[in-house]
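Asker: Contents of structure-v7.csv (CSV, C-alpha atoms):
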```
chain,number,residue,atom,x,y,z
A,298,MET,CA,53.0,107.4,16.8
A,299,SER,CA,49.9,109.4,15.8
A,300,LYS,CA,48.9,110.3,12.3
A,301,LEU,CA,49.8,113.9,13.1
A,302,GLU,CA,53.5,113.2,13.2
A,303,PHE,CA,53.7,112.8,9.4
A,304,LYS,CA,52.9,115.7,7.2
A,305,SER,CA,51.9,113.3,4.3
A,306,ASP,CA,51.6,109.7,3.5
A,307,VAL,CA,54.8,110.0,1.5
A,308,GLU,CA,56.7,110.9,4.7
A,309,ALA,CA,55.0,108.0,6.5
A,310,VAL,CA,56.1,105.5,3.8
A,311,ASP,CA,59.7,106.9,4.2
A,312,ALA,CA,59.3,106.2,8.0
A,313,LEU,CA,58.2,102.7,7.2
A,314,ALA,CA,61.2,102.1,5.0
A,315,GLN,CA,63.5,103.4,7.7
A,316,SER,CA,61.8,101.2,10.4
A,317,TYR,CA,62.4,98.2,8.1
A,318,LYS,CA,66.1,99.0,7.8
A,319,ASP,CA,66.4,99.5,11.6
A,320,LEU,CA,64.6,96.2,12.2
A,321,LYS,CA,66.8,94.3,9.8
A,322,SER,CA,70.0,95.7,11.3
A,323,GLU,CA,68.9,94.8,14.9
A,324,VAL,CA,67.9,91.2,13.8
A,325,GLY,CA,71.2,90.9,11.9
A,326,LYS,CA,73.0,91.2,15.2
A,327,VAL,CA,71.7,87.7,16.1
A,328,ILE,CA,70.7,86.1,12.9
A,329,VAL,CA,73.4,85.6,10.3
A,330,GLY,CA,72.3,85.6,6.6
A,331,GLN,CA,68.7,84.6,6.0
A,332,ASP,CA,68.0,88.1,4.5
A,333,GLU,CA,65.1,86.9,2.4
A,334,VAL,CA,63.5,85.1,5.3
A,335,VAL,CA,63.8,88.1,7.6
A,336,MET,CA,62.3,90.3,4.9
A,337,ALA,CA,59.4,88.0,4.3
A,338,VAL,CA,58.6,87.8,8.0
A,339,ILE,CA,58.6,91.6,8.4
A,340,ILE,CA,56.5,92.1,5.2
A,341,SER,CA,53.8,89.7,6.6
A,342,LEU,CA,53.9,91.5,9.9
A,343,PHE,CA,53.4,94.9,8.3
A,344,SER,CA,50.7,93.4,6.0
A,345,ASN,CA,48.8,92.0,9.0
A,346,GLY,CA,49.3,88.4,7.8
A,347,HIS,CA,50.6,85.2,9.4
A,348,SER,CA,53.6,83.1,8.3
A,349,LEU,CA,54.5,79.5,8.2
A,350,LEU,CA,58.3,78.8,8.4
A,351,VAL,CA,59.4,75.5,7.0
A,352,GLY,CA,62.9,74.2,7.5
A,353,VAL,CA,65.0,71.3,9.0
A,354,PRO,CA,65.9,71.4,12.7
A,355,GLY,CA,68.7,73.8,13.8
A,356,LEU,CA,68.2,76.6,11.3
A,357,ALA,CA,67.3,79.1,14.0
A,358,LYS,CA,63.6,79.3,13.2
A,359,THR,CA,62.6,79.8,16.9
A,360,LEU,CA,65.6,82.1,17.5
A,361,LEU,CA,64.5,84.2,14.5
A,362,VAL,CA,61.0,84.6,15.8
A,363,SER,CA,62.0,85.4,19.4
A,364,THR,CA,64.6,87.9,18.1
A,365,ILE,CA,62.0,89.7,16.0
A,366,ALA,CA,59.6,89.8,18.9
A,367,GLU,CA,62.3,91.3,21.1
A,368,VAL,CA,63.2,94.0,18.6
A,369,LEU,CA,59.5,94.9,18.2
A,370,ASP,CA,58.6,95.9,21.7
A,371,LEU,CA,55.8,93.3,21.7
A,372,ASP,CA,54.4,90.6,23.9
A,373,PHE,CA,55.7,87.2,22.8
A,374,LYS,CA,54.6,83.6,23.6
A,375,ARG,CA,55.9,80.3,22.4
A,376,ILE,CA,53.7,77.2,22.2
A,377,GLN,CA,55.4,73.9,21.7
A,378,PHE,CA,52.9,71.7,19.8
A,379,THR,CA,52.8,68.1,20.9
A,380,PRO,CA,50.3,65.2,20.1
A,381,ASP,CA,48.7,65.6,23.5
A,382,LEU,CA,48.1,69.4,23.4
A,383,MET,CA,44.4,70.3,23.8
A,384,PRO,CA,42.6,73.3,22.3
A,385,SER,CA,42.2,74.8,25.8
A,386,ASP,CA,46.0,74.7,26.3
A,387,ILE,CA,46.1,77.4,23.5
A,388,THR,CA,43.0,79.4,24.0
A,389,GLY,CA,42.6,79.2,27.8
A,390,SER,CA,39.7,77.8,29.8
A,391,GLU,CA,37.1,78.6,32.4
A,392,ILE,CA,38.2,77.9,36.0
A,393,LEU,CA,36.4,78.1,39.3
A,394,ASP,CA,37.8,80.8,41.5
A,395,GLU,CA,37.8,80.9,45.3
A,396,ASP,CA,34.4,82.7,45.3
A,397,ARG,CA,32.9,79.8,43.2
A,398,HIS,CA,32.6,82.0,40.1
A,399,PHE,CA,33.8,80.9,36.7
A,400,LYS,CA,36.6,83.0,35.5
A,401,PHE,CA,38.3,82.9,32.1
A,402,ASN,CA,42.0,82.0,32.4
A,403,ARG,CA,43.7,83.3,29.2
A,404,GLY,CA,45.9,80.9,27.3
A,405,PRO,CA,49.2,81.8,25.5
A,406,ILE,CA,47.3,82.8,22.3
A,407,PHE,CA,46.6,86.1,24.1
A,408,SER,CA,49.8,87.7,22.9
A,409,ASN,CA,51.0,90.0,20.1
A,410,ILE,CA,53.4,87.5,18.5
A,411,VAL,CA,52.7,83.8,18.9
A,412,LEU,CA,55.2,81.2,17.9
A,413,ALA,CA,53.4,77.9,17.1
A,414,ASP,CA,56.4,75.5,17.1
A,415,GLU,CA,56.1,72.4,15.0
A,416,ILE,CA,52.4,73.0,14.3
A,417,ASN,CA,52.2,69.7,12.4
A,418,ARG,CA,52.9,67.7,15.6
A,419,THR,CA,49.4,68.3,17.0
A,420,PRO,CA,46.0,66.8,16.1
A,421,PRO,CA,43.6,68.6,13.8
A,422,LYS,CA,41.3,69.6,16.7
A,423,THR,CA,44.1,71.7,18.3
A,424,GLN,CA,45.3,73.0,15.0
A,425,ALA,CA,41.8,74.2,14.2
A,426,ALA,CA,41.6,76.1,17.5
A,427,LEU,CA,44.8,78.1,16.5
A,428,LEU,CA,43.6,78.6,13.0
A,429,GLU,CA,40.2,79.9,14.1
A,430,ALA,CA,42.0,82.5,16.3
A,431,MET,CA,44.2,83.5,13.4
A,432,GLN,CA,41.2,84.1,11.2
A,433,GLU,CA,38.7,85.7,13.6
A,434,ARG,CA,41.3,87.5,15.8
A,435,SER,CA,39.2,86.3,18.7
A,436,VAL,CA,38.6,83.2,20.9
A,437,THR,CA,35.2,81.8,21.9
A,438,VAL,CA,35.1,79.8,25.1
A,439,SER,CA,31.8,78.7,26.7
A,440,GLY,CA,29.9,81.0,24.4
A,441,ASP,CA,31.8,84.1,25.4
A,442,THR,CA,34.0,85.8,22.7
A,443,HIS,CA,37.3,87.2,23.8
A,444,LYS,CA,39.2,89.6,21.5
A,445,LEU,CA,42.9,89.0,20.9
A,446,PRO,CA,45.3,91.9,21.3
A,447,ALA,CA,46.4,94.0,18.3
A,448,PRO,CA,48.7,93.6,16.5
A,449,PHE,CA,48.3,89.9,16.5
A,450,PHE,CA,50.7,87.8,14.5
A,451,VAL,CA,51.2,84.0,14.3
A,452,LEU,CA,54.4,82.4,13.1
A,453,ALA,CA,54.2,78.7,12.8
A,454,THR,CA,57.1,76.4,12.2
A,455,GLN,CA,57.0,73.1,10.5
A,456,ASN,CA,59.7,70.4,10.2
A,457,PRO,CA,59.7,68.9,6.7
A,458,ILE,CA,61.6,65.7,7.4
A,459,GLU,CA,60.2,63.8,10.3
A,460,GLN,CA,56.8,62.7,9.0
A,461,GLU,CA,56.1,59.9,11.5
A,462,GLY,CA,53.5,61.0,14.1
A,463,THR,CA,52.7,64.3,12.3
A,464,TYR,CA,49.4,65.7,11.2
A,465,PRO,CA,50.0,67.7,8.0
A,466,LEU,CA,48.0,70.9,7.7
A,467,PRO,CA,45.1,70.5,5.2
A,468,GLU,CA,45.3,72.9,2.2
A,469,ALA,CA,42.2,74.9,3.4
A,470,GLN,CA,44.1,75.6,6.6
A,471,LEU,CA,47.4,76.4,4.9
A,472,ASP,CA,45.4,79.1,3.1
A,473,ARG,CA,45.2,81.1,6.3
A,474,PHE,CA,48.9,81.8,6.2
A,475,MET,CA,49.8,84.8,4.1
A,476,PHE,CA,53.4,83.5,3.5
A,477,ASN,CA,55.0,80.1,3.4
A,478,ILE,CA,58.7,80.8,4.0
A,479,PHE,CA,61.4,78.2,3.3
A,480,LEU,CA,64.6,78.2,5.4
A,481,ASP,CA,67.6,76.7,3.7
A,482,TYR,CA,71.0,75.7,5.1
A,483,PRO,CA,73.4,78.6,5.5
A,484,SER,CA,76.3,78.9,3.1
A,485,TYR,CA,79.8,77.7,4.2
A,486,ASP,CA,80.9,81.3,5.1
A,487,GLU,CA,77.7,82.1,6.9
A,488,GLU,CA,78.0,78.9,9.0
A,489,ILE,CA,81.6,79.9,10.0
A,490,ASP,CA,80.2,83.2,11.2
A,491,ILE,CA,77.3,81.5,13.0
A,492,VAL,CA,79.7,79.1,14.8
A,493,LYS,CA,82.1,81.9,15.7
A,494,ALA,CA,79.2,84.0,17.2
A,495,THR,CA,77.6,81.2,19.1
A,496,THR,CA,80.5,79.4,20.7
A,497,THR,CA,81.9,82.4,22.6
A,498,VAL,CA,80.6,84.5,25.5
A,499,GLN,CA,79.6,87.5,23.3
A,500,GLN,CA,76.2,88.9,24.3
A,501,ASN,CA,74.0,90.9,21.9
A,502,ASP,CA,72.0,93.8,23.4
A,503,LEU,CA,69.0,94.3,21.2
A,504,LYS,CA,67.1,97.6,21.1
A,505,HIS,CA,63.4,98.0,20.7
A,506,VAL,CA,63.0,99.7,17.3
A,507,VAL,CA,59.2,99.6,16.5
A,508,THR,CA,56.3,99.7,18.9
A,509,GLY,CA,52.9,98.0,18.6
A,510,GLU,CA,51.2,101.3,17.9
A,511,GLN,CA,53.6,102.0,15.0
A,512,ILE,CA,52.9,98.5,13.5
A,513,LEU,CA,49.2,99.2,13.6
A,514,PHE,CA,49.8,102.5,11.9
A,515,PHE,CA,51.9,100.9,9.2
A,516,GLN,CA,49.4,98.2,8.6
A,517,LYS,CA,46.8,100.8,7.7
A,518,LEU,CA,49.3,102.8,5.7
A,519,ILE,CA,50.1,99.8,3.5
A,520,ARG,CA,46.5,99.5,2.5
A,521,LYS,CA,46.4,103.1,1.4
A,522,ILE,CA,49.4,102.8,-1.0
A,523,PRO,CA,48.1,103.2,-4.5
A,524,ILE,CA,48.6,100.4,-7.1
A,525,ALA,CA,48.4,100.8,-10.8
A,526,ASP,CA,45.6,98.8,-12.6
A,527,ASN,CA,48.1,96.8,-14.7
A,528,VAL,CA,50.0,95.7,-11.6
A,529,LEU,CA,46.8,94.7,-9.8
A,530,GLU,CA,45.7,92.8,-12.9
A,531,TYR,CA,49.1,91.0,-13.1
A,532,ALA,CA,48.7,89.9,-9.5
A,533,VAL,CA,45.2,88.5,-10.1
A,534,SER,CA,46.2,86.9,-13.3
A,535,LEU,CA,49.1,85.1,-11.5
A,536,SER,CA,46.6,83.5,-9.1
A,537,THR,CA,44.0,82.6,-11.8
A,538,LYS,CA,46.6,81.0,-14.0
A,539,THR,CA,47.3,78.4,-11.3
A,540,ARG,CA,43.8,76.9,-11.5
A,541,PRO,CA,43.9,73.8,-13.7
A,542,GLY,CA,41.0,73.3,-16.1
A,543,THR,CA,40.1,77.0,-16.3
A,544,ASP,CA,40.4,79.1,-19.4
A,545,ARG,CA,43.4,81.1,-18.0
A,546,ALA,CA,45.4,78.0,-16.9
A,547,THR,CA,48.8,77.5,-18.6
A,548,ASP,CA,49.8,74.1,-20.2
A,549,MET,CA,52.2,73.5,-17.4
A,550,VAL,CA,49.5,74.1,-14.7
A,551,ASN,CA,47.1,71.7,-16.5
A,552,GLN,CA,49.7,69.1,-16.7
A,553,TYR,CA,51.2,69.2,-13.2
A,554,ILE,CA,48.8,70.9,-10.8
A,555,SER,CA,45.7,69.3,-9.3
A,556,TRP,CA,44.5,72.3,-7.3
A,557,GLY,CA,45.2,76.0,-7.7
A,558,ALA,CA,45.3,79.2,-5.5
A,559,GLY,CA,42.1,80.9,-4.4
A,560,PRO,CA,41.2,84.6,-4.3
A,561,ARG,CA,43.0,85.0,-1.0
A,562,ALA,CA,46.3,84.5,-2.9
A,563,SER,CA,45.4,87.5,-5.1
A,564,GLN,CA,44.7,89.7,-2.1
A,565,TYR,CA,48.0,88.7,-0.4
A,566,LEU,CA,50.0,89.2,-3.7
A,567,VAL,CA,48.7,92.8,-3.8
A,568,LEU,CA,49.2,93.6,-0.1
A,569,GLY,CA,52.6,91.9,-0.1
A,570,ALA,CA,53.7,93.8,-3.2
A,571,LYS,CA,52.6,97.1,-1.7
A,572,CYS,CA,54.7,96.4,1.4
A,573,HIS,CA,57.6,95.1,-0.6
A,574,ALA,CA,57.6,98.4,-2.6
A,575,ALA,CA,57.3,100.6,0.6
A,576,ILE,CA,60.2,99.0,2.5
A,577,HIS,CA,62.4,99.5,-0.5
A,578,GLY,CA,61.5,103.2,-0.7
A,579,LYS,CA,58.9,103.1,-3.5
A,580,TYR,CA,55.5,104.8,-3.3
A,581,SER,CA,53.7,102.3,-5.5
A,582,PRO,CA,54.4,98.7,-6.4
A,583,ASP,CA,55.3,97.4,-9.8
A,584,ILE,CA,55.3,94.0,-11.4
A,585,GLU,CA,58.8,93.2,-10.0
A,586,ASP,CA,57.3,93.7,-6.4
A,587,VAL,CA,54.6,91.1,-7.2
A,588,GLN,CA,57.2,88.6,-8.5
A,589,ALA,CA,59.5,89.1,-5.5
A,590,ILE,CA,56.9,87.8,-3.1
A,591,ALA,CA,54.9,85.4,-5.4
A,592,ASN,CA,56.8,82.3,-4.2
A,593,PHE,CA,55.9,83.0,-0.6
A,594,VAL,CA,52.2,83.5,-1.4
A,595,LEU,CA,51.6,80.8,-4.0
A,596,ARG,CA,53.9,78.0,-2.8
A,597,HIS,CA,51.5,76.5,-0.3
A,598,ARG,CA,48.3,77.2,-2.3
A,599,ILE,CA,49.0,75.0,-5.3
A,600,VAL,CA,48.9,71.2,-5.1
A,601,ARG,CA,51.0,69.2,-7.4
A,602,ASN,CA,49.7,66.0,-8.9
A,603,TYR,CA,51.4,62.6,-9.1
A,604,LYS,CA,52.9,63.3,-12.5
A,605,ALA,CA,54.7,66.4,-11.1
A,606,GLU,CA,56.1,64.4,-8.1
A,607,ALA,CA,57.3,61.6,-10.4
A,608,GLU,CA,59.0,64.1,-12.7
A,609,GLY,CA,60.5,66.1,-9.9
A,610,ILE,CA,58.6,69.3,-10.8
A,611,THR,CA,58.4,71.6,-7.8
A,612,GLU,CA,55.9,74.3,-6.9
A,613,GLU,CA,58.6,76.9,-7.6
A,614,ASP,CA,59.1,75.5,-11.1
A,615,VAL,CA,55.4,76.0,-11.8
A,616,ILE,CA,55.3,79.5,-10.3
A,617,LYS,CA,58.4,80.6,-12.3
A,618,SER,CA,56.7,79.4,-15.5
A,619,LEU,CA,53.8,81.8,-14.8
A,620,PHE,CA,56.1,84.8,-15.0
```
Mind turning this structure into structure tokens?
Answerer:
Amino acid sequence: MSKLEFKSDVEAVDALAQSYKDLKSEVGKVIVGQDEVVMAVIISLFSNGHSLLVGVPGLAKTLLVSTIAEVLDLDFKRIQFTPDLMPSDITGSEILDEDRHFKFNRGPIFSNIVLADEINRTPPKTQAALLEAMQERSVTVSGDTHKLPAPFFVLATQNPIEQEGTYPLPEAQLDRFMFNIFLDYPSYDEEIDIVKATTTVQQNDLKHVVTGEQILFFQKLIRKIPIADNVLEYAVSLSTKTRPGTDRATDMVNQYISWGAGPRASQYLVLGAKCHAAIHGKYSPDIEDVQAIANFVLRHRIVRNYKAEAEGITEEDVIKSLF
């Protein structure tokens, strides 16, 4: 889709909102419920950010990612993270070919959508290889830099319950993820629908609704969406209020938080709000759009202290108090 197909940016934003609706209805053929999760994943994709999905086993995290990849006419690879996975298993390595020349053999990271399954099961060295690729959008092997394909989007999953033999991601690395998305158990009615749909022979034929070229176009378009100064200031003030010991910190933050969100949170709050507005048919974000995505952006960027854990105060409680 070239720029020429739209007479104006307004028309382009309308096309983005329509693409979102099409994506959602195709994904809905396979995934029951989880509307907020699907919305968050699509927003991070259109905003050119990566997402971390956290949920107990069996909540269709992997199915959700593979369904989205199928609906978006994009290349998809899944990497199962294990304790013995090496960095070269992700990035690729140099091999000697039959002419005795070294040739770079590309790893699974060279794909448009990469599912990093159970990222906390692998040692820090391997996690770092993935996170470097996420940040730089390139891979360096034996001194040569190889560019990753565009669009490039990492969805990592993490299992919150089995903590034996896991290597939790450090806060500095969690910051690379635009969104941290929680998956909860389905409701009783949703679970009945899920079981009906998955215990019969019914097949879902998914259509490709958005191409890689359109995604790249929409990623640029979202950055062009205007934002009012008061909304931008609201997003930045949300981030700055989470930093304990600073003059903007709230009493609750000083009491329960040991570490707050950095400037990246402010950037993602603004980008996420722009995209949230666009997919809902608005041409400029307002404060409600910032609040709608604040949990996804701030949840993994604030660190609770022992007092918060002892009193059962969650990250969401603290974020809600900032509104």
Asker: Quote the spacing between atom CA of Ser390 of chain A and atom CA of Val438 of chain A in Å to one decimal place.
Answerer: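 A separation of 6.9 Å between them.
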Asker: Find the residue from A:Ile584, A:Ile365, A:Leu529, A:Ile610 that sits nearest to Lys504 of chain A; use all atoms listed in the file when measuring.
Answerer: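 When distances to Lys504 of chain A are compared using all atoms listed in the file, the smallest one comes from A:Ile365.
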Asker: Near segment 566-574 of chain A, within 10 Å and counting all atoms listed in the file, which residues show up once chain neighbours fewer than 5 positions away are dropped, as a PyMOL selection string?
Answerer: chain A and resi 310+313-314+336-337+339-346+475-476+515-516+518-524+528-533+535-536+560-561+579-595
Asker: Got a sec: who's within 8 Å of Leu466 of chain A, counting all atoms listed in the file, leaving out chain neighbours fewer than 5 positions off, as a ChimeraX atom specification?
Answerer: /A:417,421,471
Asker: Looking at A:Pro380, A:Val329, A:Val335, A:Phe407, which one is nearest to Phe479 of chain A, with distances taken over all atoms listed in the file?
Answerer: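 With all atoms listed in the file as the atom set, the closest residue is A:Val335.
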Asker: Show me, as a PyMOL selection string, the residues that have an atom within 10 Å of Ser316 of chain A when counting only C-alpha atoms, minus same-chain residues fewer than 2 positions from it.
Answerer: chain A and resi 310-314+318-322+506-507+511-512+515+576
Asker: Between atom CA of Arg598 of chain A and atom CA of Gln331 of chain A, what distance in Å does the model show, to one decimal?
Answerer: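 Separation of atom CA of Arg598 of chain A and atom CA of Gln331 of chain A: 23.2 Å.
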Asker: Quote the spacing between atom CA of Thr364 of chain A and atom CA of Ser385 of chain A in Å to one decimal place.
Answerer: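 One can read the atom CA of Thr364 of chain A to atom CA of Ser385 of chain A distance as 27.1 Å.
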Asker: Near Gln500 of chain A, within 10 Å and counting all atoms listed in the file, which residues show up once chain neighbours fewer than 4 positions away are dropped, as a list in words?
Answerer: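 What passes the distance filter is Lys326, Val327, Ala494 and Thr495 of chain A.
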Asker: Could you take the residues named above and write them with C-alpha atoms, as a PDB file, keeping the file's coordinate frame?
Answerer:
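again.pdb, freshly written:
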```
ATOM      1  CA  LYS A 326      73.000  91.200  15.200  1.00  0.00           C
ATOM      2  CA  VAL A 327      71.700  87.700  16.100  1.00  0.00           C
ATOM      3  CA  ALA A 494      79.200  84.000  17.200  1.00  0.00           C
ATOM      4  CA  THR A 495      77.600  81.200  19.100  1.00  0.00           C
TER       5      THR A 495
END
```
Asker: Using all atoms listed in the file, pick whichever of A:Thr379, A:Ser305, A:Thr537, A:Ser408 has the shortest atom-to-atom distance to Ala447 of chain A.
Answerer: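 Under the stated criterion, the closest residue is A:Ser408.
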Asker: In terms of the shortest atom-to-atom distance over all atoms listed in the file, which of A:Gln552, A:Thr547, A:Thr442, A:Ser534 is closest to Gln564 of chain A?
Answerer: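 Comparing A:Gln552, A:Thr547, A:Thr442, A:Ser534 against Gln564 of chain A, the winner is A:Ser534.
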Asker: Nearest to Asp414 of chain A: which of A:Gly389, A:Pro354, A:Pro384, A:Gly609 is it, counting only C-alpha atoms?
Answerer: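 Smallest separation from Asp414 of chain A among the options: A:Pro354.
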Asker: Quick one: of A:Arg540, A:Arg473, A:Arg403, A:His577, who's nearest to Gln315 of chain A, counting only C-alpha atoms?
Answerer: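 For Gln315 of chain A, the nearest of the given residues is A:His577.
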Asker: Excluding same-chain residues fewer than 3 positions from Arg418 of chain A, what lies within 7 Å of it counting all atoms listed in the file, as a PyMOL selection string?
Answerer: chain A and resi 378-380+415+462-464
Asker: Within 10 Å of (51.8, 97.2, 19.4) in the file's own coordinates, which protein, DNA or RNA residues have an atom, counting all atoms listed in the file? List them as a PyMOL selection string.
Answerer: chain A and resi 369-372+409-410+446-449+507-514
Asker: Select all residues near (73.2, 81.6, 13.8) (cut-off 10 Å, inclusive, file coordinates), counting only C-alpha atoms, and output them as a PDB file with C-alpha atoms, in the frame of the given file.
Answerer:
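The resulting result-v7.pdb:
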```pdb
ATOM      1  CA  GLY A 325      71.200  90.900  11.900  1.00  0.00           C
ATOM      2  CA  LYS A 326      73.000  91.200  15.200  1.00  0.00           C
ATOM      3  CA  VAL A 327      71.700  87.700  16.100  1.00  0.00           C
ATOM      4  CA  ILE A 328      70.700  86.100  12.900  1.00  0.00           C
ATOM      5  CA  VAL A 329      73.400  85.600  10.300  1.00  0.00           C
ATOM      6  CA  GLY A 330      72.300  85.600   6.600  1.00  0.00           C
ATOM      7  CA  GLN A 331      68.700  84.600   6.000  1.00  0.00           C
ATOM      8  CA  GLY A 355      68.700  73.800  13.800  1.00  0.00           C
ATOM      9  CA  LEU A 356      68.200  76.600  11.300  1.00  0.00           C
ATOM     10  CA  ALA A 357      67.300  79.100  14.000  1.00  0.00           C
ATOM     11  CA  LYS A 358      63.600  79.300  13.200  1.00  0.00           C
ATOM     12  CA  LEU A 360      65.600  82.100  17.500  1.00  0.00           C
ATOM     13  CA  LEU A 361      64.500  84.200  14.500  1.00  0.00           C
ATOM     14  CA  PRO A 483      73.400  78.600   5.500  1.00  0.00           C
ATOM     15  CA  GLU A 487      77.700  82.100   6.900  1.00  0.00           C
ATOM     16  CA  GLU A 488      78.000  78.900   9.000  1.00  0.00           C
ATOM     17  CA  ILE A 489      81.600  79.900  10.000  1.00  0.00           C
ATOM     18  CA  ASP A 490      80.200  83.200  11.200  1.00  0.00           C
ATOM     19  CA  ILE A 491      77.300  81.500  13.000  1.00  0.00           C
ATOM     20  CA  VAL A 492      79.700  79.100  14.800  1.00  0.00           C
ATOM     21  CA  LYS A 493      82.100  81.900  15.700  1.00  0.00           C
ATOM     22  CA  ALA A 494      79.200  84.000  17.200  1.00  0.00           C
ATOM     23  CA  THR A 495      77.600  81.200  19.100  1.00  0.00           C
TER      24      THR A 495
END
```
Asker: For segment 590-612 of chain A of the block above, can you save N, CA and C atoms as a PDB file, in the first residue's frame?
Answerer:
```
ATOM      1  N   ILE A 590      -4.082   2.415  28.325  1.00  0.00           N
ATOM      2  CA  ILE A 590      -2.910   1.543  28.093  1.00  0.00           C
ATOM      3  C   ILE A 590      -1.854   1.679  29.194  1.00  0.00           C
ATOM      4  N   ALA A 591      -2.141   2.504  30.214  1.00  0.00           N
ATOM      5  CA  ALA A 591      -1.134   2.772  31.248  1.00  0.00           C
ATOM      6  C   ALA A 591      -0.689   1.505  31.981  1.00  0.00           C
ATOM      7  N   ASN A 592      -1.645   0.609  32.295  1.00  0.00           N
ATOM      8  CA  ASN A 592      -1.275  -0.618  33.001  1.00  0.00           C
ATOM      9  C   ASN A 592      -0.259  -1.440  32.219  1.00  0.00           C
ATOM     10  N   PHE A 593      -0.512  -1.588  30.901  1.00  0.00           N
ATOM     11  CA  PHE A 593       0.391  -2.397  30.058  1.00  0.00           C
ATOM     12  C   PHE A 593       1.805  -1.809  30.036  1.00  0.00           C
ATOM     13  N   VAL A 594       1.892  -0.475  30.058  1.00  0.00           N
ATOM     14  CA  VAL A 594       3.202   0.187  29.918  1.00  0.00           C
ATOM     15  C   VAL A 594       3.944   0.257  31.252  1.00  0.00           C
ATOM     16  N   LEU A 595       3.217   0.522  32.339  1.00  0.00           N
ATOM     17  CA  LEU A 595       3.896   0.801  33.612  1.00  0.00           C
ATOM     18  C   LEU A 595       4.079  -0.423  34.500  1.00  0.00           C
ATOM     19  N   ARG A 596       3.257  -1.439  34.287  1.00  0.00           N
ATOM     20  CA  ARG A 596       3.205  -2.586  35.210  1.00  0.00           C
ATOM     21  C   ARG A 596       4.588  -3.206  35.459  1.00  0.00           C
ATOM     22  N   HIS A 597       5.381  -3.368  34.401  1.00  0.00           N
ATOM     23  CA  HIS A 597       6.675  -4.048  34.558  1.00  0.00           C
ATOM     24  C   HIS A 597       7.823  -3.062  34.754  1.00  0.00           C
ATOM     25  N   ARG A 598       7.483  -1.770  34.864  1.00  0.00           N
ATOM     26  CA  ARG A 598       8.545  -0.773  35.006  1.00  0.00           C
ATOM     27  C   ARG A 598       8.618  -0.201  36.414  1.00  0.00           C
ATOM     28  N   ILE A 599       7.696  -0.617  37.285  1.00  0.00           N
ATOM     29  CA  ILE A 599       7.786  -0.169  38.673  1.00  0.00           C
ATOM     30  C   ILE A 599       8.049  -1.392  39.554  1.00  0.00           C
ATOM     31  N   VAL A 600       8.888  -1.195  40.558  1.00  0.00           N
ATOM     32  CA  VAL A 600       9.288  -2.313  41.418  1.00  0.00           C
ATOM     33  C   VAL A 600       8.752  -2.056  42.821  1.00  0.00           C
ATOM     34  N   ARG A 601       7.923  -2.978  43.306  1.00  0.00           N
ATOM     35  CA  ARG A 601       7.355  -2.824  44.653  1.00  0.00           C
ATOM     36  C   ARG A 601       8.400  -3.142  45.716  1.00  0.00           C
ATOM     37  N   ASN A 602       8.269  -2.515  46.882  1.00  0.00           N
ATOM     38  CA  ASN A 602       9.168  -2.853  47.986  1.00  0.00           C
ATOM     39  C   ASN A 602       8.526  -3.935  48.873  1.00  0.00           C
ATOM     40  N   TYR A 603       9.261  -4.330  49.936  1.00  0.00           N
ATOM     41  CA  TYR A 603       8.768  -5.418  50.802  1.00  0.00           C
ATOM     42  C   TYR A 603       7.456  -5.050  51.469  1.00  0.00           C
ATOM     43  N   LYS A 604       7.312  -3.754  51.789  1.00  0.00           N
ATOM     44  CA  LYS A 604       6.095  -3.307  52.482  1.00  0.00           C
ATOM     45  C   LYS A 604       4.866  -3.545  51.597  1.00  0.00           C
ATOM     46  N   ALA A 605       5.006  -3.237  50.286  1.00  0.00           N
ATOM     47  CA  ALA A 605       3.883  -3.436  49.352  1.00  0.00           C
ATOM     48  C   ALA A 605       3.535  -4.918  49.280  1.00  0.00           C
ATOM     49  N   GLU A 606       4.578  -5.767  49.215  1.00  0.00           N
ATOM     50  CA  GLU A 606       4.323  -7.211  49.114  1.00  0.00           C
ATOM     51  C   GLU A 606       3.644  -7.720  50.391  1.00  0.00           C
ATOM     52  N   ALA A 607       4.114  -7.229  51.535  1.00  0.00           N
ATOM     53  CA  ALA A 607       3.544  -7.674  52.815  1.00  0.00           C
ATOM     54  C   ALA A 607       2.077  -7.260  52.936  1.00  0.00           C
ATOM     55  N   GLU A 608       1.749  -6.073  52.412  1.00  0.00           N
ATOM     56  CA  GLU A 608       0.375  -5.571  52.557  1.00  0.00           C
ATOM     57  C   GLU A 608      -0.510  -5.917  51.353  1.00  0.00           C
ATOM     58  N   GLY A 609       0.054  -6.679  50.417  1.00  0.00           N
ATOM     59  CA  GLY A 609      -0.738  -7.121  49.269  1.00  0.00           C
ATOM     60  C   GLY A 609      -1.090  -5.996  48.292  1.00  0.00           C
ATOM     61  N   ILE A 610      -0.236  -4.968  48.225  1.00  0.00           N
ATOM     62  CA  ILE A 610      -0.470  -3.858  47.283  1.00  0.00           C
ATOM     63  C   ILE A 610       0.156  -4.248  45.937  1.00  0.00           C
ATOM     64  N   THR A 611      -0.662  -4.268  44.882  1.00  0.00           N
ATOM     65  CA  THR A 611      -0.148  -4.665  43.563  1.00  0.00           C
ATOM     66  C   THR A 611       0.308  -3.440  42.769  1.00  0.00           C
ATOM     67  N   GLU A 612       1.024  -3.722  41.660  1.00  0.00           N
ATOM     68  CA  GLU A 612       1.443  -2.632  40.763  1.00  0.00           C
ATOM     69  C   GLU A 612       0.212  -1.881  40.243  1.00  0.00           C
TER      70      GLU A 612
END
```
